[in-house]
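Enquirer: What follows is my_file_18.tsv, TSV, C-alpha atoms.
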```tsv
chain	number	residue	atom	x	y	z
D	160	MET	CA	48.71	107.01	137.02
D	161	ARG	CA	46.65	105.51	139.83
D	162	ARG	CA	45.02	106.95	142.92
D	163	LEU	CA	46.11	105.50	146.25
D	164	LEU	CA	44.30	107.97	148.53
D	165	PRO	CA	41.55	108.82	149.21
D	166	VAL	CA	40.34	105.22	148.99
D	167	THR	CA	37.42	104.70	146.59
D	168	ASP	CA	35.70	101.64	145.18
D	169	GLN	CA	38.16	101.60	142.28
D	170	THR	CA	41.30	102.05	144.34
D	171	SER	CA	40.19	99.48	146.95
D	172	GLY	CA	39.20	97.00	144.24
D	173	ARG	CA	35.82	96.38	145.89
D	174	GLY	CA	32.30	96.96	144.61
D	175	PRO	CA	30.00	99.88	145.54
D	176	LEU	CA	28.95	100.18	149.16
D	177	GLY	CA	25.16	100.31	149.20
D	178	GLY	CA	25.22	101.55	145.60
D	179	THR	CA	26.44	105.03	146.61
D	180	GLY	CA	29.95	104.80	145.18
D	181	GLY	CA	31.18	106.53	148.36
D	182	ALA	CA	34.72	106.49	149.66
D	183	ARG	CA	35.23	104.09	152.55
D	184	VAL	CA	37.84	102.25	154.57
D	185	PRO	CA	38.29	98.47	154.11
D	186	THR	CA	36.30	96.33	156.52
D	187	GLY	CA	37.90	96.02	159.93
D	188	ALA	CA	40.25	98.97	159.41
D	189	SER	CA	40.03	102.40	160.96
D	190	ALA	CA	40.26	105.59	158.97
D	191	PRO	CA	43.77	107.08	158.80
D	192	ASP	CA	44.21	109.92	161.27
D	193	ASP	CA	45.61	112.24	158.61
D	194	LEU	CA	42.70	112.04	156.21
D	195	SER	CA	40.09	114.75	156.67
D	196	ALA	CA	36.73	114.05	158.25
D	197	GLN	CA	35.14	115.07	154.99
D	198	THR	CA	37.05	112.37	153.09
D	199	GLN	CA	36.27	109.74	155.74
D	200	THR	CA	32.54	110.36	155.87
D	201	GLN	CA	31.57	111.43	152.36
D	202	THR	CA	28.72	109.35	150.92
D	203	GLN	CA	29.12	110.49	147.35
D	204	ALA	CA	32.55	110.10	145.75
D	205	PRO	CA	34.05	112.68	143.38
D	206	ALA	CA	34.12	111.89	139.68
D	207	ALA	CA	35.17	108.28	139.10
D	208	ASP	CA	38.89	107.72	139.49
D	209	PRO	CA	40.69	107.22	136.19
D	210	ALA	CA	41.70	103.61	135.68
D	211	PRO	CA	45.15	102.72	137.00
D	212	ASP	CA	48.18	102.08	134.81
D	213	ARG	CA	47.42	104.64	132.15
D	214	GLU	CA	48.34	108.25	131.55
D	215	TRP	CA	45.70	110.60	132.95
D	216	SER	CA	44.50	113.39	130.73
D	217	LEU	CA	45.31	116.96	131.73
D	218	ASP	CA	41.61	117.47	132.37
D	219	GLU	CA	41.59	114.59	134.87
D	220	LEU	CA	44.68	115.98	136.57
D	221	ALA	CA	43.08	119.44	136.71
D	222	ASP	CA	40.05	117.98	138.48
D	223	ALA	CA	42.31	116.19	140.96
D	224	TYR	CA	44.32	119.35	141.73
D	225	ALA	CA	41.54	121.96	141.63
D	226	TYR	CA	41.96	124.84	144.08
D	227	PRO	CA	39.47	124.89	146.98
D	228	ALA	CA	36.36	126.76	145.83
D	229	ASP	CA	35.67	128.21	149.28
D	230	ARG	CA	39.00	130.01	149.75
D	231	ASP	CA	39.65	133.62	148.75
D	232	VAL	CA	43.43	133.16	148.83
D	233	TRP	CA	45.31	129.87	148.60
D	234	LEU	CA	49.08	129.38	148.45
D	235	ARG	CA	50.27	125.97	147.31
D	236	ALA	CA	53.82	124.81	146.75
D	237	ASN	CA	54.99	122.26	144.20
D	238	MET	CA	58.29	120.56	144.95
D	239	VAL	CA	60.12	117.34	144.14
D	240	SER	CA	62.36	115.37	146.48
D	241	THR	CA	64.41	112.18	146.19
D	242	LEU	CA	64.08	109.36	148.68
D	243	ASP	CA	67.05	110.75	150.59
D	244	GLY	CA	65.67	114.28	150.72
D	245	ALA	CA	67.46	116.02	147.84
D	246	ALA	CA	65.42	118.75	146.16
D	247	GLN	CA	67.81	118.97	143.20
D	248	HIS	CA	70.81	117.33	141.55
D	249	ASP	CA	73.68	119.43	140.22
D	250	GLY	CA	71.66	122.50	141.15
D	251	ARG	CA	68.56	121.64	139.11
D	252	SER	CA	65.34	119.74	139.76
D	253	GLN	CA	64.99	118.26	136.26
D	254	PRO	CA	67.34	115.28	136.81
D	255	ILE	CA	65.12	113.93	139.62
D	256	SER	CA	61.85	114.56	137.77
D	257	SER	CA	59.85	112.44	135.31
D	258	ALA	CA	57.33	112.79	132.50
D	259	ALA	CA	54.46	112.31	134.97
D	260	ASP	CA	55.97	114.89	137.30
D	261	MET	CA	56.15	117.38	134.45
D	262	ARG	CA	52.48	116.75	133.60
D	263	VAL	CA	51.56	117.55	137.19
D	264	PHE	CA	53.88	120.56	137.05
D	265	GLY	CA	52.11	121.83	133.93
D	266	THR	CA	48.68	121.19	135.43
D	267	LEU	CA	49.44	123.16	138.57
D	268	ARG	CA	50.61	126.06	136.43
D	269	GLY	CA	47.52	125.73	134.30
D	270	LEU	CA	45.32	126.26	137.36
D	271	ALA	CA	47.24	129.09	139.04
D	272	ASP	CA	46.80	132.85	138.77
D	273	VAL	CA	50.47	133.42	139.53
D	274	VAL	CA	53.64	131.38	139.91
D	275	VAL	CA	55.85	132.72	142.72
D	276	VAL	CA	59.53	131.86	142.48
D	277	GLY	CA	62.79	132.97	144.05
D	278	ALA	CA	65.41	134.87	142.05
D	279	GLU	CA	68.07	132.18	142.53
D	280	THR	CA	65.74	129.54	141.11
D	281	VAL	CA	65.03	131.81	138.12
D	282	ARG	CA	68.76	132.04	137.47
D	283	GLN	CA	69.56	128.35	138.00
D	284	GLU	CA	66.58	126.88	136.16
D	285	GLY	CA	66.57	129.39	133.30
D	286	TYR	CA	62.97	130.42	133.88
D	287	ARG	CA	60.85	131.42	130.94
D	288	PRO	CA	57.34	132.91	130.87
D	289	ALA	CA	54.40	130.61	131.45
D	290	ARG	CA	52.62	129.80	128.21
D	291	ALA	CA	48.94	129.55	127.39
D	292	ARG	CA	47.82	125.95	126.95
D	293	GLU	CA	44.70	124.94	125.08
D	294	ALA	CA	43.97	122.19	127.62
D	295	PHE	CA	43.29	124.80	130.30
D	296	ALA	CA	41.87	127.61	128.17
D	297	ALA	CA	38.20	126.92	128.89
D	298	ARG	CA	38.78	126.54	132.63
D	299	ARG	CA	40.77	129.74	132.82
D	300	ALA	CA	38.24	131.71	130.79
D	301	ALA	CA	35.38	130.43	132.96
D	302	ASP	CA	37.26	131.47	136.09
D	303	GLY	CA	38.12	134.92	134.72
D	304	GLN	CA	41.85	134.15	134.59
D	305	ALA	CA	44.42	135.44	132.13
D	306	PRO	CA	45.41	132.98	129.36
D	307	ALA	CA	48.52	132.04	131.37
D	308	PRO	CA	49.68	132.63	134.92
D	309	ALA	CA	51.95	135.55	135.69
D	310	ILE	CA	55.45	134.79	136.97
D	311	ALA	CA	56.25	136.67	140.18
D	312	VAL	CA	59.95	136.72	141.06
D	313	VAL	CA	60.80	137.38	144.70
D	314	SER	CA	64.06	139.32	144.94
D	315	ALA	CA	65.59	141.84	147.30
D	316	GLY	CA	68.44	142.99	145.06
D	317	LEU	CA	66.75	142.51	141.66
D	318	ASP	CA	69.94	140.94	140.30
D	319	LEU	CA	68.23	139.53	137.24
D	320	ASP	CA	68.80	139.51	133.49
D	321	PHE	CA	66.10	141.83	132.17
D	322	SER	CA	66.99	140.90	128.59
D	323	SER	CA	65.93	137.28	129.14
D	324	PRO	CA	62.67	135.88	127.69
D	325	LEU	CA	61.06	136.04	131.13
D	326	PHE	CA	61.00	139.82	130.72
D	327	THR	CA	61.00	140.25	126.94
D	328	GLU	CA	58.46	137.58	125.91
D	329	PRO	CA	55.81	137.19	128.65
D	330	LEU	CA	52.18	136.68	127.68
D	331	VAL	CA	51.29	138.60	130.84
D	332	PRO	CA	53.75	141.02	132.49
D	333	THR	CA	56.32	139.48	134.81
D	334	LEU	CA	56.05	140.73	138.40
D	335	LEU	CA	58.97	141.52	140.68
D	336	VAL	CA	58.16	141.23	144.37
D	337	THR	CA	60.64	143.23	146.39
D	338	GLY	CA	60.99	145.58	149.33
D	339	ALA	CA	60.68	149.35	149.47
D	340	GLY	CA	64.45	149.56	149.92
D	341	ALA	CA	65.33	147.76	146.68
D	342	PRO	CA	68.10	149.45	144.63
D	343	ALA	CA	66.51	152.33	142.72
D	344	ASP	CA	68.57	151.70	139.58
D	345	ARG	CA	67.46	148.07	139.42
D	346	VAL	CA	63.83	149.06	139.97
D	347	ALA	CA	64.12	151.52	137.08
D	348	ALA	CA	65.75	148.89	134.86
D	349	ALA	CA	63.02	146.39	135.69
D	350	ARG	CA	60.28	148.84	134.82
D	351	ALA	CA	62.03	149.79	131.60
D	352	ALA	CA	62.02	146.09	130.69
D	353	GLY	CA	58.24	145.93	131.20
D	354	ALA	CA	58.19	144.26	134.59
D	355	GLU	CA	55.71	145.35	137.23
D	356	ILE	CA	57.01	146.06	140.74
D	357	VAL	CA	55.14	144.74	143.78
D	358	ILE	CA	56.33	146.17	147.11
D	359	ALA	CA	56.04	143.70	149.98
D	360	GLY	CA	58.47	144.89	152.63
D	361	ASP	CA	59.66	148.05	154.34
D	362	GLY	CA	63.36	147.42	153.75
D	363	ALA	CA	65.09	145.58	150.94
D	364	ALA	CA	63.85	142.17	152.09
D	365	VAL	CA	60.44	140.76	151.23
D	366	ASP	CA	57.93	139.89	153.95
D	367	PRO	CA	56.36	136.55	152.86
D	368	ALA	CA	52.94	137.28	154.37
D	369	ARG	CA	52.87	140.74	152.78
D	370	ALA	CA	53.86	139.22	149.45
D	371	VAL	CA	50.85	136.89	149.53
D	372	ARG	CA	48.54	139.76	150.48
D	373	ALA	CA	49.98	142.10	147.84
D	374	LEU	CA	49.49	139.54	145.08
D	375	ALA	CA	45.97	138.76	146.28
D	376	GLU	CA	45.13	142.46	146.19
D	377	ARG	CA	46.03	142.40	142.50
D	378	GLY	CA	43.44	139.66	141.97
D	379	LEU	CA	46.05	136.87	141.99
D	380	ARG	CA	44.43	134.67	144.62
D	381	ARG	CA	45.39	131.18	143.43
D	382	LEU	CA	49.10	131.21	144.12
D	383	LEU	CA	51.64	128.54	143.26
D	384	THR	CA	55.22	128.61	144.45
D	385	GLU	CA	57.87	126.42	142.84
D	386	GLY	CA	60.60	127.38	145.28
D	387	GLY	CA	63.44	127.33	145.55
D	388	PRO	CA	64.07	125.90	148.99
D	389	ARG	CA	64.95	129.26	150.54
D	390	LEU	CA	61.72	130.89	149.41
D	391	LEU	CA	59.62	127.90	150.47
D	392	GLY	CA	61.33	128.00	153.86
D	393	GLN	CA	60.32	131.64	154.23
D	394	PHE	CA	56.68	130.85	153.43
D	395	VAL	CA	56.76	127.98	155.93
D	396	ALA	CA	58.35	130.15	158.62
D	397	ALA	CA	55.68	132.82	158.07
D	398	ARG	CA	53.00	130.10	158.31
D	399	VAL	CA	51.26	131.22	155.13
D	400	LEU	CA	51.60	128.00	153.12
D	401	ASP	CA	48.22	126.32	152.69
D	402	GLU	CA	49.18	123.29	150.62
D	403	LEU	CA	52.23	121.29	149.62
D	404	CYS	CA	52.19	119.23	146.44
D	405	LEU	CA	55.19	116.95	146.87
D	406	THR	CA	56.56	114.58	144.26
D	407	VAL	CA	58.63	111.82	145.86
D	408	SER	CA	61.14	110.67	143.27
D	409	PRO	CA	62.29	107.01	143.58
D	410	MET	CA	65.94	108.03	143.40
D	411	LEU	CA	68.88	108.29	145.75
D	412	THR	CA	71.53	110.95	145.17
D	413	ALA	CA	73.54	111.21	148.42
D	414	GLY	CA	75.66	114.37	148.43
D	415	ASP	CA	74.69	117.60	150.15
D	416	ALA	CA	71.87	118.90	147.95
D	417	GLN	CA	69.30	121.19	149.54
D	418	ARG	CA	66.06	119.93	151.00
D	419	ILE	CA	62.77	121.31	149.64
D	420	ALA	CA	62.70	124.01	152.34
D	421	GLY	CA	65.65	125.90	153.80
D	422	GLY	CA	66.35	128.61	156.32
D	423	PRO	CA	65.99	128.70	160.11
D	424	ALA	CA	64.09	125.86	161.75
D	425	LEU	CA	60.63	126.43	163.22
D	426	THR	CA	60.48	126.39	167.01
D	427	VAL	CA	57.54	123.99	166.79
D	428	PRO	CA	57.15	121.84	163.65
D	429	GLU	CA	54.03	122.62	161.65
D	430	ARG	CA	51.68	119.71	161.03
D	431	PHE	CA	50.24	119.08	157.56
D	432	ALA	CA	47.59	116.50	156.68
D	433	LEU	CA	47.64	114.14	153.71
D	434	ARG	CA	44.72	114.83	151.36
D	435	SER	CA	45.50	112.68	148.32
D	436	LEU	CA	48.17	110.39	146.91
D	437	LEU	CA	48.78	109.36	143.30
D	438	GLU	CA	51.43	107.06	141.82
D	439	GLU	CA	52.99	106.50	138.43
D	440	ASP	CA	56.16	104.61	137.53
D	441	GLY	CA	57.31	104.60	141.16
D	442	PHE	CA	56.86	108.36	141.61
D	443	LEU	CA	54.45	109.40	144.37
D	444	PHE	CA	52.40	112.58	144.05
D	445	ALA	CA	51.15	113.71	147.45
D	446	ARG	CA	48.97	116.66	148.43
D	447	TYR	CA	49.17	117.95	152.00
D	448	HIS	CA	47.05	120.68	153.54
D	449	GLN	CA	48.20	122.81	156.45
D	450	GLY	CA	46.82	121.62	159.79
D	451	ARG	CA	44.29	124.43	160.11
D	452	HIS	CA	42.58	123.09	156.97
D	453	SER	CA	42.86	119.38	157.81
D	454	ALA	CA	39.36	118.88	159.24
D	455	GLU	CA	37.50	121.00	156.67
```
Just give me the structure of the file as structure tokens.
Expert:
Amino acid sequence: MRRLLPVTDQTSGRGPLGGTGGARVPTGASAPDDLSAQTQTQTQAPAADPAPDREWSLDELADAYAYPADRDVWLRANMVSTLDGAAQHDGRSQPISSAADMRVFGTLRGLADVVVVGAETVRQEGYRPARAREAFAARRAADGQAPAPAIAVVSAGLDLDFSSPLFTEPLVPTLLVTGAGAPADRVAAARAAGAEIVIAGDGAAVDPARAVRALAERGLRRLLTEGGPRLLGQFVAARVLDELCLTVSPMLTAGDAQRIAGGPALTVPERFALRSLLEEDGFLFARYHQGRHSAE
């Protein structure tokens, strides 16, 4: 794993500037427009970048992906895409992933209060409960988090297998985010299975903005969504997504696989700003912040 952005003394291959160790742009070059002013002007770099061409520890990854400390609620998405825009192959994301991608995946879960996922993705990917991991135990305890993140499934019809491990073996109760008009028999079955119901819509459908607020009101303020594309598209359309963690897989699949976000197109595209970029074995790991956060 190596850091490509933001540029530091280690990633640029040049010695300290004035002994400060600060991030800077190579001589004669201007700062990229899509890096934040904070990154461009900082005089003291974060903790030294891990050396390139080695596997980063989970602790190093956790530092690199830490949630913003000054935000009460933060919704980030974690998705993978091939070079030609496919978010999955044969209906699953695993074939276009890698060991490094799975380490990032595990790190993002290790930092989150709750993982928000669509019902179709639960069915296709065979979702199981998040597990407690020793590597993140101290961080989670210090932040007052549960040993593992809750899984929150967004579903209007609640057409889910309540006998699956996601409902029978969770370390913390699985949440079902649905609308007030959800089928009463399915709501009852979910509760009987131990799931907790979160209402985030007046009808059967879920309002994405209300879902974020409802989870935050339960103390789940560091949100992570893993899709699928339809759910991510709804968060994008509602303009509530704060951050996109995108793995670019060095693969081509052709075919007609979904993109990372689906649903109706926005009238005006929403601009995100690149905050950091890592690379390992040809896979790129980018973090983008929504435009309203880009200059902070």
Enquirer: So that I can see what lies close to Glu438 (chain D), please list as an mmCIF file with C-alpha atoms, keeping the file's coordinate frame the residues with an atom at most 6 Å from it, counting only C-alpha atoms and leaving out residues fewer than 3 positions away in the same chain.
Expert:
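Just written: result.cif:
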```cif
data_model
loop_
_atom_site.group_PDB
_atom_site.id
_atom_site.type_symbol
_atom_site.label_atom_id
_atom_site.label_comp_id
_atom_site.auth_asym_id
_atom_site.auth_seq_id
_atom_site.Cartn_x
_atom_site.Cartn_y
_atom_site.Cartn_z
ATOM 1 C CA MET D 160 48.710 107.010 137.020
ATOM 2 C CA ARG D 161 46.650 105.510 139.830
ATOM 3 C CA PHE D 442 56.860 108.360 141.610
ATOM 4 C CA LEU D 443 54.450 109.400 144.370
#
```
Enquirer: Near region 213-225 of chain D, within 12 Å and counting all atoms listed in the file, which residues show up once chain neighbours fewer than 6 positions away are dropped, as a PyMOL selection string?
Expert: chain D and resi 160-162+164-165+205-207+233+235+237+258-271+292-299+302+381+383+402-404+434-440+444-447
Enquirer: Let's have the selection written as a tab-separated table (two decimals), in the frame of the given file, with C-alpha atoms.
Expert:
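The new file selection-v7.tsv reads:
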```
chain	number	residue	atom	x	y	z
D	160	MET	CA	48.71	107.01	137.02
D	161	ARG	CA	46.65	105.51	139.83
D	162	ARG	CA	45.02	106.95	142.92
D	164	LEU	CA	44.30	107.97	148.53
D	165	PRO	CA	41.55	108.82	149.21
D	205	PRO	CA	34.05	112.68	143.38
D	206	ALA	CA	34.12	111.89	139.68
D	207	ALA	CA	35.17	108.28	139.10
D	233	TRP	CA	45.31	129.87	148.60
D	235	ARG	CA	50.27	125.97	147.31
D	237	ASN	CA	54.99	122.26	144.20
D	258	ALA	CA	57.33	112.79	132.50
D	259	ALA	CA	54.46	112.31	134.97
D	260	ASP	CA	55.97	114.89	137.30
D	261	MET	CA	56.15	117.38	134.45
D	262	ARG	CA	52.48	116.75	133.60
D	263	VAL	CA	51.56	117.55	137.19
D	264	PHE	CA	53.88	120.56	137.05
D	265	GLY	CA	52.11	121.83	133.93
D	266	THR	CA	48.68	121.19	135.43
D	267	LEU	CA	49.44	123.16	138.57
D	268	ARG	CA	50.61	126.06	136.43
D	269	GLY	CA	47.52	125.73	134.30
D	270	LEU	CA	45.32	126.26	137.36
D	271	ALA	CA	47.24	129.09	139.04
D	292	ARG	CA	47.82	125.95	126.95
D	293	GLU	CA	44.70	124.94	125.08
D	294	ALA	CA	43.97	122.19	127.62
D	295	PHE	CA	43.29	124.80	130.30
D	296	ALA	CA	41.87	127.61	128.17
D	297	ALA	CA	38.20	126.92	128.89
D	298	ARG	CA	38.78	126.54	132.63
D	299	ARG	CA	40.77	129.74	132.82
D	302	ASP	CA	37.26	131.47	136.09
D	381	ARG	CA	45.39	131.18	143.43
D	383	LEU	CA	51.64	128.54	143.26
D	402	GLU	CA	49.18	123.29	150.62
D	403	LEU	CA	52.23	121.29	149.62
D	404	CYS	CA	52.19	119.23	146.44
D	434	ARG	CA	44.72	114.83	151.36
D	435	SER	CA	45.50	112.68	148.32
D	436	LEU	CA	48.17	110.39	146.91
D	437	LEU	CA	48.78	109.36	143.30
D	438	GLU	CA	51.43	107.06	141.82
D	439	GLU	CA	52.99	106.50	138.43
D	440	ASP	CA	56.16	104.61	137.53
D	444	PHE	CA	52.40	112.58	144.05
D	445	ALA	CA	51.15	113.71	147.45
D	446	ARG	CA	48.97	116.66	148.43
D	447	TYR	CA	49.17	117.95	152.00
```
Enquirer: Using CA of Gly422 (chain D) and CA of Gly392 (chain D) as the two end points, give the distance in Å to one decimal.
Expert: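 Between CA of Gly422 (chain D) and CA of Gly392 (chain D) the gap works out to 5.6 Å.
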Enquirer: Would you mind reading off the distance between CA of Leu390 (chain D) and CA of Ala420 (chain D), one decimal, in Å?
Expert: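 Taking CA of Leu390 (chain D) and CA of Ala420 (chain D), their separation equals 7.5 Å.
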Enquirer: Which is closer to Ile356 (chain D) than all the others in D:Ser323, D:Gln417, D:Ser314, D:Ser240, using only C-alpha atoms?
Expert: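 Ranked by minimum distance to Ile356 (chain D), first place goes to D:Ser314.
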Enquirer: Please provide the set of residues having any atom within 12 Å of Gln393 (chain D), restricted to only C-alpha atoms, with same-chain residues fewer than 6 positions apart removed, written as a PyMOL selection string.
Expert: chain D and resi 276-277+313+364-371+384+386-387+399-400+419-425
Enquirer: Please identify all polymer residues within 10 Å of Gly250 (chain D), counting all atoms listed in the file, omitting same-chain residues fewer than 2 positions from it, and present them as a PyMOL selection string.
Expert: chain D and resi 246-248+252-254+280+283-284+416-417
Enquirer: Excluding Ala289 (chain D) and its own-chain neighbours fewer than 3 positions away, which residues fall within 12 Å of it when counting only C-alpha atoms? Please give them as JSON, numbers by chain.
Expert: {"D": [264, 265, 266, 267, 268, 269, 270, 271, 272, 273, 274, 275, 286, 292, 305, 306, 307, 308, 309, 310, 311, 324, 325, 326, 328, 329, 330, 331, 332, 333]}
Enquirer: Can I get the selected residues back with C-alpha atoms, as a short mmCIF file (atom, residue, chain, number, x, y, z; two decimals), keeping the file's coordinate frame?
Expert:
```
data_model
loop_
_atom_site.label_atom_id
_atom_site.label_comp_id
_atom_site.auth_asym_id
_atom_site.auth_seq_id
_atom_site.Cartn_x
_atom_site.Cartn_y
_atom_site.Cartn_z
CA PHE D 264 53.88 120.56 137.05
CA GLY D 265 52.11 121.83 133.93
CA THR D 266 48.68 121.19 135.43
CA LEU D 267 49.44 123.16 138.57
CA ARG D 268 50.61 126.06 136.43
CA GLY D 269 47.52 125.73 134.30
CA LEU D 270 45.32 126.26 137.36
CA ALA D 271 47.24 129.09 139.04
CA ASP D 272 46.80 132.85 138.77
CA VAL D 273 50.47 133.42 139.53
CA VAL D 274 53.64 131.38 139.91
CA VAL D 275 55.85 132.72 142.72
CA TYR D 286 62.97 130.42 133.88
CA ARG D 292 47.82 125.95 126.95
CA ALA D 305 44.42 135.44 132.13
CA PRO D 306 45.41 132.98 129.36
CA ALA D 307 48.52 132.04 131.37
CA PRO D 308 49.68 132.63 134.92
CA ALA D 309 51.95 135.55 135.69
CA ILE D 310 55.45 134.79 136.97
CA ALA D 311 56.25 136.67 140.18
CA PRO D 324 62.67 135.88 127.69
CA LEU D 325 61.06 136.04 131.13
CA PHE D 326 61.00 139.82 130.72
CA GLU D 328 58.46 137.58 125.91
CA PRO D 329 55.81 137.19 128.65
CA LEU D 330 52.18 136.68 127.68
CA VAL D 331 51.29 138.60 130.84
CA PRO D 332 53.75 141.02 132.49
CA THR D 333 56.32 139.48 134.81
#
```
Enquirer: Have a look at CA of Leu334 (chain D) and CA of Ala354 (chain D) and let me know their distance in Å, one decimal.
Expert: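 Result for CA of Leu334 (chain D) versus CA of Ala354 (chain D): 5.6 Å, one decimal.
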Enquirer: My list of candidates is D:Arg418, D:Arg377, D:Arg290, D:Arg398. Which is closest to Met238 (chain D) when distances are computed with only C-alpha atoms?
Expert: D:Arg418
Enquirer: Identify which of the residues D:Ala301, D:Ala351, D:Ala278, D:Val357 lies closest to Ser322 (chain D), counting only C-alpha atoms when measuring atom-to-atom distances.
Expert: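 Smallest separation from Ser322 (chain D) among the options: D:Ala351.
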Enquirer: Measuring atom to atom with all atoms listed in the file, identify which of D:Met410, D:Leu317, D:Val232, D:Ala359 is nearest to Arg345 (chain D).
Expert: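 Among D:Met410, D:Leu317, D:Val232, D:Ala359, it is D:Leu317 that comes nearest to Arg345 (chain D).
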Enquirer: Give the answer as one residue: which of D:Leu411, D:Ala291, D:Ala396, D:Ala348 has the shortest atom-to-atom distance to Ala245 (chain D), using all atoms listed in the file?
Expert: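 The answer is D:Leu411, which sits nearest to Ala245 (chain D).
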